[in-house]
file protein-v8.cif (mmCIF, C-alpha atoms)
data_work
loop_
_atom_site.group_PDB
_atom_site.id
_atom_site.type_symbol
_atom_site.label_atom_id
_atom_site.label_comp_id
_atom_site.auth_asym_id
_atom_site.auth_seq_id
_atom_site.Cartn_x
_atom_site.Cartn_y
_atom_site.Cartn_z
ATOM 1 C CA MET A 1 -0.019 -12.918 19.239
ATOM 2 C CA THR A 2 -0.291 -16.675 19.631
ATOM 3 C CA GLU A 3 -3.355 -17.756 21.568
ATOM 4 C CA PRO A 4 -2.258 -19.029 25.007
ATOM 5 C CA ILE A 5 -2.391 -22.705 25.840
ATOM 6 C CA ARG A 6 -5.549 -23.824 27.631
ATOM 7 C CA PHE A 7 -5.344 -26.946 29.758
ATOM 8 C CA VAL A 8 -8.245 -29.032 31.073
ATOM 9 C CA GLU A 9 -7.442 -31.517 33.826
ATOM 10 C CA VAL A 10 -9.641 -34.623 33.656
ATOM 11 C CA ALA A 11 -8.285 -36.854 36.438
ATOM 12 C CA PRO A 12 -11.215 -36.431 38.862
ATOM 13 C CA ARG A 13 -13.608 -37.791 36.219
ATOM 14 C CA ASP A 14 -11.781 -39.568 33.418
ATOM 15 C CA GLY A 15 -8.991 -40.627 35.741
ATOM 16 C CA PHE A 16 -11.100 -42.069 38.527
ATOM 17 C CA GLN A 17 -13.945 -43.587 36.490
ATOM 18 C CA ASN A 18 -11.833 -46.652 35.706
ATOM 19 C CA TRP A 19 -9.914 -46.841 39.003
ATOM 20 C CA PRO A 20 -10.365 -50.351 40.464
ATOM 21 C CA ASP A 21 -10.753 -49.270 44.112
ATOM 22 C CA PRO A 22 -13.310 -46.865 45.609
ATOM 23 C CA VAL A 23 -12.099 -43.258 45.847
ATOM 24 C CA SER A 24 -13.576 -41.145 48.620
ATOM 25 C CA THR A 25 -15.289 -37.835 48.040
ATOM 26 C CA ASP A 26 -12.681 -36.249 50.327
ATOM 27 C CA VAL A 27 -9.900 -37.350 47.979
ATOM 28 C CA LYS A 28 -11.780 -36.098 44.930
ATOM 29 C CA GLU A 29 -12.536 -32.735 46.505
ATOM 30 C CA ARG A 30 -8.934 -32.114 47.486
ATOM 31 C CA LEU A 31 -7.718 -33.178 44.051
ATOM 32 C CA VAL A 32 -10.050 -30.757 42.254
ATOM 33 C CA ARG A 33 -9.035 -27.901 44.534
ATOM 34 C CA ASP A 34 -5.324 -28.678 44.173
ATOM 35 C CA LEU A 35 -5.544 -28.858 40.382
ATOM 36 C CA LEU A 36 -7.322 -25.515 40.148
ATOM 37 C CA GLU A 37 -4.776 -23.957 42.491
ATOM 38 C CA ALA A 38 -1.994 -25.328 40.272
ATOM 39 C CA GLY A 39 -3.430 -23.280 37.414
ATOM 40 C CA ALA A 40 -5.556 -25.618 35.305
ATOM 41 C CA THR A 41 -7.865 -23.630 33.037
ATOM 42 C CA ALA A 42 -10.686 -25.998 33.972
ATOM 43 C CA VAL A 43 -11.172 -29.298 35.767
ATOM 44 C CA GLU A 44 -13.543 -32.045 34.677
ATOM 45 C CA ALA A 45 -14.825 -32.788 38.140
ATOM 46 C CA THR A 46 -17.292 -35.669 37.788
ATOM 47 C CA SER A 47 -20.008 -37.198 35.627
ATOM 48 C CA PHE A 48 -23.737 -37.480 36.113
ATOM 49 C CA VAL A 49 -24.068 -41.036 34.860
ATOM 50 C CA SER A 50 -26.002 -43.883 36.411
ATOM 51 C CA PRO A 51 -24.082 -45.299 39.408
ATOM 52 C CA ARG A 52 -25.009 -48.751 38.132
ATOM 53 C CA TRP A 53 -22.778 -48.166 35.111
ATOM 54 C CA VAL A 54 -19.977 -46.156 36.758
ATOM 55 C CA PRO A 55 -20.119 -46.625 40.553
ATOM 56 C CA GLN A 56 -17.081 -44.385 41.061
ATOM 57 C CA MET A 57 -19.199 -41.366 40.083
ATOM 58 C CA ALA A 58 -22.067 -42.022 42.508
ATOM 59 C CA ASP A 59 -21.106 -38.989 44.627
ATOM 60 C CA ALA A 60 -21.446 -36.407 41.828
ATOM 61 C CA GLU A 61 -23.995 -34.210 43.635
ATOM 62 C CA GLU A 62 -22.121 -34.351 46.920
ATOM 63 C CA LEU A 63 -18.821 -33.414 45.287
ATOM 64 C CA MET A 64 -20.331 -30.423 43.484
ATOM 65 C CA ALA A 65 -21.961 -29.220 46.705
ATOM 66 C CA ARG A 66 -18.654 -29.435 48.552
ATOM 67 C CA LEU A 67 -16.779 -27.509 45.868
ATOM 68 C CA GLY A 68 -19.263 -24.674 46.108
ATOM 69 C CA PRO A 69 -20.403 -21.901 43.769
ATOM 70 C CA GLU A 70 -17.096 -20.030 43.713
ATOM 71 C CA LEU A 71 -15.417 -22.843 41.770
ATOM 72 C CA LEU A 72 -18.279 -23.666 39.381
ATOM 73 C CA PRO A 73 -17.079 -21.377 36.543
ATOM 74 C CA ARG A 74 -13.873 -23.461 36.292
ATOM 75 C CA LEU A 75 -15.547 -26.870 36.467
ATOM 76 C CA ARG A 76 -17.141 -29.017 33.813
ATOM 77 C CA VAL A 77 -18.986 -32.328 34.122
ATOM 78 C CA LEU A 78 -19.898 -35.171 31.798
ATOM 79 C CA VAL A 79 -23.579 -35.864 31.102
ATOM 80 C CA PRO A 80 -24.786 -38.898 29.106
ATOM 81 C CA ASN A 81 -28.283 -37.654 28.267
ATOM 82 C CA LEU A 82 -30.956 -35.113 29.144
ATOM 83 C CA ARG A 83 -31.649 -36.748 32.503
ATOM 84 C CA GLY A 84 -27.979 -36.471 33.439
ATOM 85 C CA TYR A 85 -27.938 -32.883 32.207
ATOM 86 C CA ARG A 86 -30.828 -31.941 34.477
ATOM 87 C CA ARG A 87 -29.066 -33.499 37.461
ATOM 88 C CA ALA A 88 -25.902 -31.588 36.598
ATOM 89 C CA VAL A 89 -27.649 -28.233 36.274
ATOM 90 C CA ALA A 90 -29.501 -28.809 39.540
ATOM 91 C CA ALA A 91 -26.074 -29.342 41.117
ATOM 92 C CA GLY A 92 -24.861 -26.028 39.697
ATOM 93 C CA ALA A 93 -22.902 -27.079 36.611
ATOM 94 C CA ARG A 94 -22.062 -24.237 34.222
ATOM 95 C CA GLU A 95 -20.413 -26.352 31.516
ATOM 96 C CA VAL A 96 -21.218 -29.913 30.467
ATOM 97 C CA VAL A 97 -19.515 -32.459 28.256
ATOM 98 C CA VAL A 98 -21.567 -34.627 25.905
ATOM 99 C CA ASN A 99 -20.010 -37.614 24.218
ATOM 100 C CA VAL A 100 -20.416 -39.631 21.058
ATOM 101 C CA GLY A 101 -18.184 -42.240 19.460
ATOM 102 C CA ALA A 102 -17.023 -41.997 15.886
ATOM 103 C CA THR A 103 -18.265 -45.572 15.354
ATOM 104 C CA ASP A 104 -21.461 -47.447 16.097
ATOM 105 C CA GLY A 105 -19.479 -50.323 17.589
ATOM 106 C CA PHE A 106 -17.982 -48.202 20.347
ATOM 107 C CA ASN A 107 -21.052 -46.066 20.823
ATOM 108 C CA ARG A 108 -23.281 -49.063 21.485
ATOM 109 C CA LYS A 109 -20.838 -50.449 24.057
ATOM 110 C CA ASN A 110 -20.396 -47.062 25.730
ATOM 111 C CA LEU A 111 -23.883 -45.558 25.504
ATOM 112 C CA ASN A 112 -26.126 -48.418 24.289
ATOM 113 C CA ARG A 113 -27.127 -46.256 21.312
ATOM 114 C CA SER A 114 -26.205 -45.815 17.674
ATOM 115 C CA VAL A 115 -24.241 -42.721 16.705
ATOM 116 C CA GLU A 116 -27.384 -41.250 15.136
ATOM 117 C CA GLU A 117 -29.461 -41.849 18.271
ATOM 118 C CA THR A 118 -26.801 -40.290 20.470
ATOM 119 C CA LEU A 119 -26.475 -37.223 18.252
ATOM 120 C CA ALA A 120 -30.233 -36.709 18.527
ATOM 121 C CA GLU A 121 -29.976 -36.864 22.335
ATOM 122 C CA ILE A 122 -27.033 -34.464 22.266
ATOM 123 C CA ALA A 123 -29.116 -31.977 20.268
ATOM 124 C CA GLU A 124 -31.733 -32.090 23.041
ATOM 125 C CA VAL A 125 -29.086 -31.464 25.705
ATOM 126 C CA CYS A 126 -27.551 -28.601 23.718
ATOM 127 C CA ALA A 127 -30.952 -26.972 23.231
ATOM 128 C CA ALA A 128 -31.627 -27.117 26.972
ATOM 129 C CA ALA A 129 -28.117 -25.871 27.754
ATOM 130 C CA SER A 130 -28.467 -22.948 25.373
ATOM 131 C CA ALA A 131 -31.715 -21.929 27.053
ATOM 132 C CA ASP A 132 -30.059 -22.226 30.490
ATOM 133 C CA GLY A 133 -26.872 -20.380 29.534
ATOM 134 C CA VAL A 134 -24.776 -23.509 30.123
ATOM 135 C CA GLY A 135 -21.744 -24.207 27.926
ATOM 136 C CA THR A 136 -21.402 -27.482 26.010
ATOM 137 C CA VAL A 137 -18.329 -29.426 24.914
ATOM 138 C CA GLY A 138 -18.809 -32.187 22.350
ATOM 139 C CA SER A 139 -16.367 -35.020 23.005
ATOM 140 C CA LEU A 140 -15.648 -37.328 20.067
ATOM 141 C CA SER A 141 -14.390 -40.732 21.236
ATOM 142 C CA VAL A 142 -12.295 -43.233 19.228
ATOM 143 C CA ALA A 143 -11.494 -40.528 16.663
ATOM 144 C CA TRP A 144 -8.486 -42.448 15.302
ATOM 145 C CA GLY A 145 -9.440 -46.038 15.955
ATOM 146 C CA CYS A 146 -12.104 -48.220 17.553
ATOM 147 C CA PRO A 147 -11.614 -51.478 19.493
ATOM 148 C CA TYR A 148 -14.716 -52.925 17.802
ATOM 149 C CA ASP A 149 -14.805 -51.422 14.296
ATOM 150 C CA GLY A 150 -11.093 -50.922 13.651
ATOM 151 C CA PRO A 151 -9.370 -47.894 12.083
ATOM 152 C CA VAL A 152 -11.502 -44.781 11.734
ATOM 153 C CA PRO A 153 -11.011 -42.772 8.504
ATOM 154 C CA PRO A 154 -10.296 -39.081 9.167
ATOM 155 C CA ALA A 155 -13.278 -38.141 7.000
ATOM 156 C CA ARG A 156 -15.579 -40.075 9.342
ATOM 157 C CA SER A 157 -14.285 -38.333 12.466
ATOM 158 C CA LEU A 158 -14.473 -34.944 10.745
ATOM 159 C CA GLU A 159 -18.065 -35.683 9.750
ATOM 160 C CA VAL A 160 -19.163 -36.631 13.282
ATOM 161 C CA ALA A 161 -17.339 -33.613 14.707
ATOM 162 C CA GLY A 162 -19.358 -31.473 12.326
ATOM 163 C CA ARG A 163 -22.531 -33.170 13.493
ATOM 164 C CA LEU A 164 -21.660 -32.279 17.100
ATOM 165 C CA VAL A 165 -21.286 -28.631 16.151
ATOM 166 C CA ALA A 166 -24.517 -28.764 14.156
ATOM 167 C CA ALA A 167 -26.243 -30.264 17.219
ATOM 168 C CA GLY A 168 -25.288 -27.155 19.158
ATOM 169 C CA CYS A 169 -21.966 -27.921 20.875
ATOM 170 C CA ASP A 170 -19.942 -24.803 21.619
ATOM 171 C CA ARG A 171 -16.583 -26.566 21.485
ATOM 172 C CA LEU A 172 -15.053 -29.915 20.536
ATOM 173 C CA SER A 173 -12.721 -32.392 22.226
ATOM 174 C CA ILE A 174 -11.162 -34.913 19.826
ATOM 175 C CA ALA A 175 -10.158 -38.052 21.729
ATOM 176 C CA ASP A 176 -7.808 -40.940 21.002
ATOM 177 C CA THR A 177 -9.698 -43.167 23.423
ATOM 178 C CA ILE A 178 -7.674 -46.351 22.931
ATOM 179 C CA GLY A 179 -4.312 -44.750 22.243
ATOM 180 C CA VAL A 180 -3.813 -45.799 18.615
ATOM 181 C CA ALA A 181 -3.060 -42.377 17.127
ATOM 182 C CA HIS A 182 0.438 -41.487 15.955
ATOM 183 C CA PRO A 183 1.888 -38.081 15.029
ATOM 184 C CA ALA A 184 1.233 -38.267 11.287
ATOM 185 C CA ALA A 185 -2.388 -39.309 11.870
ATOM 186 C CA VAL A 186 -2.786 -36.587 14.495
ATOM 187 C CA ARG A 187 -1.570 -33.929 12.078
ATOM 188 C CA GLU A 188 -3.914 -35.191 9.367
ATOM 189 C CA LEU A 189 -7.121 -35.282 11.401
ATOM 190 C CA LEU A 190 -6.576 -32.308 13.691
ATOM 191 C CA GLY A 191 -5.322 -30.182 10.827
ATOM 192 C CA SER A 192 -8.653 -30.756 9.094
ATOM 193 C CA VAL A 193 -10.684 -30.194 12.263
ATOM 194 C CA LEU A 194 -8.898 -26.916 12.994
ATOM 195 C CA ALA A 195 -9.336 -25.736 9.423
ATOM 196 C CA GLU A 196 -13.057 -26.421 9.700
ATOM 197 C CA PHE A 197 -13.808 -25.140 13.205
ATOM 198 C CA GLY A 198 -10.886 -22.948 14.334
ATOM 199 C CA THR A 199 -8.430 -23.185 17.212
ATOM 200 C CA ALA A 200 -10.753 -21.584 19.771
ATOM 201 C CA ARG A 201 -13.215 -24.468 19.501
ATOM 202 C CA VAL A 202 -10.965 -27.543 19.432
ATOM 203 C CA ALA A 203 -9.159 -29.502 22.168
ATOM 204 C CA ALA A 204 -7.003 -32.622 21.861
ATOM 205 C CA HIS A 205 -7.394 -35.538 24.264
ATOM 206 C CA PHE A 206 -4.768 -38.288 24.029
ATOM 207 C CA HIS A 207 -4.153 -41.564 25.807
ATOM 208 C CA ASP A 208 -0.691 -42.986 26.384
ATOM 209 C CA THR A 209 -1.681 -46.622 25.892
ATOM 210 C CA ARG A 210 1.172 -47.249 23.437
ATOM 211 C CA GLY A 211 3.580 -44.616 24.682
ATOM 212 C CA LEU A 212 2.782 -41.936 22.095
ATOM 213 C CA GLY A 213 0.672 -39.529 24.137
ATOM 214 C CA VAL A 214 3.288 -36.789 24.523
ATOM 215 C CA ALA A 215 4.519 -37.202 20.927
ATOM 216 C CA ASN A 216 0.942 -36.845 19.735
ATOM 217 C CA GLY A 217 0.605 -33.716 21.850
ATOM 218 C CA LEU A 218 3.597 -32.200 20.054
ATOM 219 C CA ALA A 219 2.082 -33.127 16.682
ATOM 220 C CA ALA A 220 -1.181 -31.461 17.711
ATOM 221 C CA LEU A 221 0.722 -28.339 18.734
ATOM 222 C CA GLU A 222 2.461 -28.252 15.348
ATOM 223 C CA VAL A 223 -0.838 -28.006 13.468
ATOM 224 C CA GLY A 224 -2.199 -25.329 15.777
ATOM 225 C CA VAL A 225 -4.048 -26.967 18.679
ATOM 226 C CA ARG A 226 -4.128 -24.615 21.669
ATOM 227 C CA GLU A 227 -6.215 -26.632 24.128
ATOM 228 C CA PHE A 228 -5.150 -29.930 25.640
ATOM 229 C CA GLU A 229 -6.609 -32.345 28.160
ATOM 230 C CA GLY A 230 -4.665 -34.601 30.484
ATOM 231 C CA SER A 231 -4.807 -36.540 33.730
ATOM 232 C CA VAL A 232 -2.393 -35.933 36.589
ATOM 233 C CA GLY A 233 -0.144 -38.936 37.061
ATOM 234 C CA GLY A 234 -1.557 -40.421 33.849
ATOM 235 C CA ILE A 235 -4.426 -42.188 35.609
ATOM 236 C CA GLY A 236 -7.574 -43.195 33.787
ATOM 237 C CA GLY A 237 -9.002 -45.137 30.919
ATOM 238 C CA CYS A 238 -12.373 -46.032 29.499
ATOM 239 C CA PRO A 239 -14.319 -48.872 31.159
ATOM 240 C CA PHE A 240 -16.018 -49.662 27.836
ATOM 241 C CA ALA A 241 -12.864 -49.853 25.696
ATOM 242 C CA PRO A 242 -10.677 -52.949 26.223
ATOM 243 C CA ARG A 243 -7.037 -52.164 27.061
ATOM 244 C CA SER A 244 -7.700 -48.424 27.118
ATOM 245 C CA THR A 245 -5.107 -47.490 29.714
ATOM 246 C CA GLY A 246 -4.279 -44.105 31.154
ATOM 247 C CA ASN A 247 -4.778 -40.674 29.712
ATOM 248 C CA VAL A 248 -1.707 -38.739 28.703
ATOM 249 C CA CYS A 249 -0.040 -37.597 31.910
ATOM 250 C CA SER A 250 -0.669 -33.906 32.590
ATOM 251 C CA GLU A 251 2.756 -33.058 33.969
ATOM 252 C CA ASP A 252 4.554 -35.031 31.254
ATOM 253 C CA LEU A 253 2.613 -33.269 28.494
ATOM 254 C CA LEU A 254 2.862 -29.780 29.986
ATOM 255 C CA HIS A 255 6.583 -30.182 30.671
ATOM 256 C CA MET A 256 7.095 -30.994 26.990
ATOM 257 C CA LEU A 257 5.079 -27.937 25.951
ATOM 258 C CA GLU A 258 7.191 -25.735 28.204
ATOM 259 C CA LEU A 259 10.397 -27.192 26.785
ATOM 260 C CA VAL A 260 9.390 -26.155 23.267
ATOM 261 C CA GLY A 261 8.649 -22.624 24.390
ATOM 262 C CA GLU A 262 4.945 -22.664 25.262
ATOM 263 C CA PRO A 263 3.846 -20.939 28.489
ATOM 264 C CA VAL A 264 1.193 -23.277 29.847
ATOM 265 C CA GLY A 265 -0.132 -21.334 32.834
ATOM 266 C CA VAL A 266 -0.003 -24.447 35.018
ATOM 267 C CA SER A 267 2.683 -25.123 37.616
ATOM 268 C CA VAL A 268 4.411 -28.343 36.610
ATOM 269 C CA PRO A 269 6.186 -28.622 39.998
ATOM 270 C CA ALA A 270 2.779 -28.361 41.676
ATOM 271 C CA LEU A 271 1.424 -31.153 39.462
ATOM 272 C CA ILE A 272 4.420 -33.305 40.393
ATOM 273 C CA GLU A 273 3.600 -32.787 44.076
ATOM 274 C CA ILE A 274 -0.068 -33.590 43.426
ATOM 275 C CA ALA A 275 0.821 -36.787 41.544
ATOM 276 C CA ASN A 276 3.142 -37.967 44.313
ATOM 277 C CA ARG A 277 0.504 -37.277 46.953
ATOM 278 C CA LEU A 278 -2.179 -39.001 44.876
ATOM 279 C CA ALA A 279 -0.024 -42.102 44.396
ATOM 280 C CA GLU A 280 0.499 -42.267 48.152
ATOM 281 C CA THR A 281 -3.215 -41.768 48.834
ATOM 282 C CA LEU A 282 -4.316 -44.409 46.318
ATOM 283 C CA GLY A 283 -1.613 -46.819 47.471
ATOM 284 C CA LYS A 284 -0.410 -47.590 43.968
ATOM 285 C CA PRO A 285 2.165 -46.131 41.579
ATOM 286 C CA LEU A 286 0.678 -44.039 38.785
ATOM 287 C CA PRO A 287 1.603 -44.400 35.094
ATOM 288 C CA GLY A 288 3.233 -40.963 34.704
ATOM 289 C CA LYS A 289 6.988 -40.551 34.331
ATOM 290 C CA LEU A 290 7.911 -37.022 35.384
ATOM 291 C CA TYR A 291 6.522 -37.247 38.898
ATOM 292 C CA LYS A 292 8.827 -40.245 39.521
ATOM 293 C CA ALA A 293 11.943 -38.819 37.879
ATOM 294 C CA GLY A 294 11.474 -35.184 38.831
ATOM 295 C CA LEU A 295 12.422 -32.152 36.787
ATOM 296 C CA GLU A 296 15.859 -31.896 35.211
ATOM 297 C CA PRO A 297 18.358 -31.210 38.022
ATOM 298 C CA TRP A 298 19.231 -27.743 36.732
ATOM 299 C CA VAL A 299 15.549 -26.793 36.508
ATOM 300 C CA ALA A 300 14.720 -28.198 39.933
ATOM 301 C CA ALA A 301 17.712 -26.328 41.415
ATOM 302 C CA GLY A 302 16.612 -23.053 39.875
ATOM 303 C CA GLY A 303 19.568 -22.933 37.512
ATOM 304 C CA VAL A 304 19.606 -22.797 33.724
ATOM 305 C CA GLY A 305 16.103 -23.529 32.509
ATOM 306 C CA ARG A 306 14.124 -23.474 29.331
ATOM 307 C CA ALA A 307 13.978 -19.692 29.044
ATOM 308 C CA GLN A 308 17.788 -19.388 29.053
ATOM 309 C CA ALA A 309 18.463 -22.455 26.947
ATOM 310 C CA SER A 310 15.674 -22.603 24.423
ATOM 311 C CA PRO A 311 15.820 -25.647 22.142
ATOM 312 C CA SER A 312 17.095 -25.130 18.642
ATOM 313 C CA THR A 313 15.327 -26.297 15.508
ATOM 314 C CA ALA A 314 17.721 -29.255 15.358
ATOM 315 C CA ASP A 315 16.891 -30.194 18.958
ATOM 316 C CA LEU A 316 13.226 -30.492 17.985
ATOM 317 C CA GLY A 317 13.753 -32.644 14.931
ATOM 318 C CA GLY A 318 13.339 -29.738 12.524
ATOM 319 C CA VAL A 319 10.301 -28.206 14.243
ATOM 320 C CA PRO A 320 10.962 -24.527 15.073
ATOM 321 C CA PRO A 321 10.209 -23.552 18.673
ATOM 322 C CA ALA A 322 6.750 -22.027 19.092
ATOM 323 C CA LYS A 323 6.727 -18.250 19.502
#
call {"tool": "encode", "arguments": {"input": "protein-v8.cif", "output": "structure tokens"}}
result
Amino acid sequence: MTEPIRFVEVAPRDGFQNWPDPVSTDVKERLVRDLLEAGATAVEATSFVSPRWVPQMADAEELMARLGPELLPRLRVLVPNLRGYRRAVAAGAREVVVNVGATDGFNRKNLNRSVEETLAEIAEVCAAASADGVGTVGSLSVAWGCPYDGPVPPARSLEVAGRLVAAGCDRLSIADTIGVAHPAAVRELLGSVLAEFGTARVAAHFHDTRGLGVANGLAALEVGVREFEGSVGGIGGCPFAPRSTGNVCSEDLLHMLELVGEPVGVSVPALIEIANRLAETLGKPLPGKLYKAGLEPWVAAGGVGRAQASPSTADLGGVPPAK
């Protein structure tokens, strides 16, 4: 049987970290709870970074305390170093994300370290996490292209991904941080990463900066990716990558996956409601498309839907529907 789709919602961390206005802890708490209730496999709730660098994440401990121990197994948090890891574990984190860029140019802007220095720090975090029974996800930024060093060869990203695994990361997240990937490049890199590390250990993280986020998600699906990350309403971006606009929109991506025959385990109508409520709360329209347009009228009315009218191979541009 095909491994089910896993979906990690990153809006509370990756979505809010670049939001221009302060977001209250109340808003963050409700968003995390709503996303879990909608069926997300996991939610990236916050990051334990210095508030001087990312003020939006200054309430990390308070948010984790409010969410409580019953939700901790479905939460993950970003940690930049061993100090951040210790804060996260003290707050109850059971899974942490560590990050390195594929290039020194981005890594120095993002973490003020070379790639080599960051990988050494990640090894320290992974060793501590292993001893504590805490899971680790190695996030590889700018895997397809860097705003400072230009295009990134697939061999380079594959090499750094391997270094993350060697450092002790349990799983990988391959990220198109500035939204320069395209379907052919996605197939090339992720095909190699999956061949090396297997589908159970690899997630795809796309940005929709140039309108290709959902198309890249389909390309990732074609080569076997079974875990995706997204941000409800498409909010987000990286504060250390110029013109890095929103993450791929969760409901847009998951709707596409459903249309090609993939059960996603997340309620797309619930995500649409969450996105509309979030836009109202934040006082600004969000980048996503589906929450504005709504589901197809026949789907929204409970009529003929995907299950009764599955797309043909021709409908998908020659790609057979997933089984």
call {"tool": "residues_around", "arguments": {"input": "protein-v8.cif", "residues": "Glu62 (chain A)", "least_positions_apart": "5", "cutoff": "12 Å", "atoms": "all atoms listed in the file", "output": "PDB file with C-alpha atoms, keeping the file's coordinate frame"}}
result
ATOM      1  CA  SER A  24     -13.576 -41.145  48.620  1.00  0.00           C
ATOM      2  CA  THR A  25     -15.289 -37.835  48.040  1.00  0.00           C
ATOM      3  CA  ASP A  26     -12.681 -36.249  50.327  1.00  0.00           C
ATOM      4  CA  LYS A  28     -11.780 -36.098  44.930  1.00  0.00           C
ATOM      5  CA  GLU A  29     -12.536 -32.735  46.505  1.00  0.00           C
ATOM      6  CA  ALA A  45     -14.825 -32.788  38.140  1.00  0.00           C
ATOM      7  CA  THR A  46     -17.292 -35.669  37.788  1.00  0.00           C
ATOM      8  CA  SER A  47     -20.008 -37.198  35.627  1.00  0.00           C
ATOM      9  CA  PHE A  48     -23.737 -37.480  36.113  1.00  0.00           C
ATOM     10  CA  MET A  57     -19.199 -41.366  40.083  1.00  0.00           C
ATOM     11  CA  LEU A  67     -16.779 -27.509  45.868  1.00  0.00           C
ATOM     12  CA  GLY A  68     -19.263 -24.674  46.108  1.00  0.00           C
ATOM     13  CA  ARG A  87     -29.066 -33.499  37.461  1.00  0.00           C
ATOM     14  CA  ALA A  88     -25.902 -31.588  36.598  1.00  0.00           C
ATOM     15  CA  ALA A  90     -29.501 -28.809  39.540  1.00  0.00           C
ATOM     16  CA  ALA A  91     -26.074 -29.342  41.117  1.00  0.00           C
ATOM     17  CA  GLY A  92     -24.861 -26.028  39.697  1.00  0.00           C
TER      18      GLY A  92
END
call {"tool": "closest_residue", "arguments": {"input": "protein-v8.cif", "among": "A:Val89, A:Pro153, A:Leu212, A:Thr118", "to": "Gly133 (chain A)", "atoms": "all atoms listed in the file"}}
result
A:Val89
call {"tool": "atom_distance", "arguments": {"input": "protein-v8.cif", "atom1": "CA of Pro151 (chain A)", "atom2": "CA of Asn216 (chain A)"}}
result
16.9 Å
call {"tool": "residues_around", "arguments": {"input": "protein-v8.cif", "residues": "Arg13 (chain A)", "least_positions_apart": "2", "cutoff": "9 Å", "atoms": "all atoms listed in the file", "output": "PyMOL selection string"}}
result
chain A and resi 10-11+15-17+43-47+56-57+77-78+236
call {"tool": "closest_residue", "arguments": {"input": "protein-v8.cif", "among": "A:Val97, A:Leu119, A:Ala40, A:Val202", "to": "Val268 (chain A)", "atoms": "all atoms listed in the file"}}
result
A:Ala40
call {"tool": "resolve_selection", "arguments": {"input": "protein-v8.cif", "expression": "the PyMOL selection byres ((chain A and resi 185) around 10)", "output": "PDB file with C-alpha atoms, in the frame of the given file"}}
result
ATOM      1  CA  TRP A 144      -8.486 -42.448  15.302  1.00  0.00           C
ATOM      2  CA  PRO A 153     -11.011 -42.772   8.504  1.00  0.00           C
ATOM      3  CA  PRO A 154     -10.296 -39.081   9.167  1.00  0.00           C
ATOM      4  CA  VAL A 180      -3.813 -45.799  18.615  1.00  0.00           C
ATOM      5  CA  ALA A 181      -3.060 -42.377  17.127  1.00  0.00           C
ATOM      6  CA  HIS A 182       0.438 -41.487  15.955  1.00  0.00           C
ATOM      7  CA  PRO A 183       1.888 -38.081  15.029  1.00  0.00           C
ATOM      8  CA  ALA A 184       1.233 -38.267  11.287  1.00  0.00           C
ATOM      9  CA  VAL A 186      -2.786 -36.587  14.495  1.00  0.00           C
ATOM     10  CA  ARG A 187      -1.570 -33.929  12.078  1.00  0.00           C
ATOM     11  CA  GLU A 188      -3.914 -35.191   9.367  1.00  0.00           C
ATOM     12  CA  LEU A 189      -7.121 -35.282  11.401  1.00  0.00           C
ATOM     13  CA  LEU A 190      -6.576 -32.308  13.691  1.00  0.00           C
ATOM     14  CA  GLY A 191      -5.322 -30.182  10.827  1.00  0.00           C
ATOM     15  CA  ASN A 216       0.942 -36.845  19.735  1.00  0.00           C
ATOM     16  CA  ALA A 219       2.082 -33.127  16.682  1.00  0.00           C
ATOM     17  CA  ALA A 220      -1.181 -31.461  17.711  1.00  0.00           C
TER      18      ALA A 220
END
call {"tool": "axis_aligned_box", "arguments": {"input": "protein-v8.cif", "around": "region 267-272 of chain A", "padding_each_side": "8 Å", "output": "lines of an AutoDock Vina configuration file"}}
result
center_x = 3.8
center_y = -29.2
center_z = 39.1
size_x = 20.8
size_y = 24.2
size_z = 21.1
call {"tool": "resolve_selection", "arguments": {"input": "protein-v8.cif", "expression": "the PyMOL selection byres ((chain A and resi 75) around 6)", "output": "list in words"}}
result
Ala42, Val43, Glu44, Leu72, Pro73, Arg74 and Arg76 of chain A
call {"tool": "resolve_selection", "arguments": {"input": "protein-v8.cif", "expression": "the PyMOL selection byres ((chain A and resi 105) around 8)", "output": "list in words"}}
result
Thr103, Asp104, Phe106, Asn107, Arg108, Lys109, Cys146, Tyr148 and Asp149 of chain A
call {"tool": "residues_around", "arguments": {"input": "protein-v8.cif", "residues": "Gly233 (chain A)", "least_positions_apart": "6", "cutoff": "9 Å", "atoms": "only C-alpha atoms", "output": "PyMOL selection string"}}
result
chain A and resi 11+246-252+271-272+274-276+278-279+285-291
call {"tool": "write_last_selection", "arguments": {"input": "protein-v8.cif", "atoms": "C-alpha atoms", "output": "short mmCIF file (atom, residue, chain, number, x, y, z; two decimals), in the frame of the given file"}}
result
data_model
loop_
_atom_site.label_atom_id
_atom_site.label_comp_id
_atom_site.auth_asym_id
_atom_site.auth_seq_id
_atom_site.Cartn_x
_atom_site.Cartn_y
_atom_site.Cartn_z
CA ALA A 11 -8.28 -36.85 36.44
CA GLY A 246 -4.28 -44.10 31.15
CA ASN A 247 -4.78 -40.67 29.71
CA VAL A 248 -1.71 -38.74 28.70
CA CYS A 249 -0.04 -37.60 31.91
CA SER A 250 -0.67 -33.91 32.59
CA GLU A 251 2.76 -33.06 33.97
CA ASP A 252 4.55 -35.03 31.25
CA LEU A 271 1.42 -31.15 39.46
CA ILE A 272 4.42 -33.30 40.39
CA ILE A 274 -0.07 -33.59 43.43
CA ALA A 275 0.82 -36.79 41.54
CA ASN A 276 3.14 -37.97 44.31
CA LEU A 278 -2.18 -39.00 44.88
CA ALA A 279 -0.02 -42.10 44.40
CA PRO A 285 2.16 -46.13 41.58
CA LEU A 286 0.68 -44.04 38.78
CA PRO A 287 1.60 -44.40 35.09
CA GLY A 288 3.23 -40.96 34.70
CA LYS A 289 6.99 -40.55 34.33
CA LEU A 290 7.91 -37.02 35.38
CA TYR A 291 6.52 -37.25 38.90
#
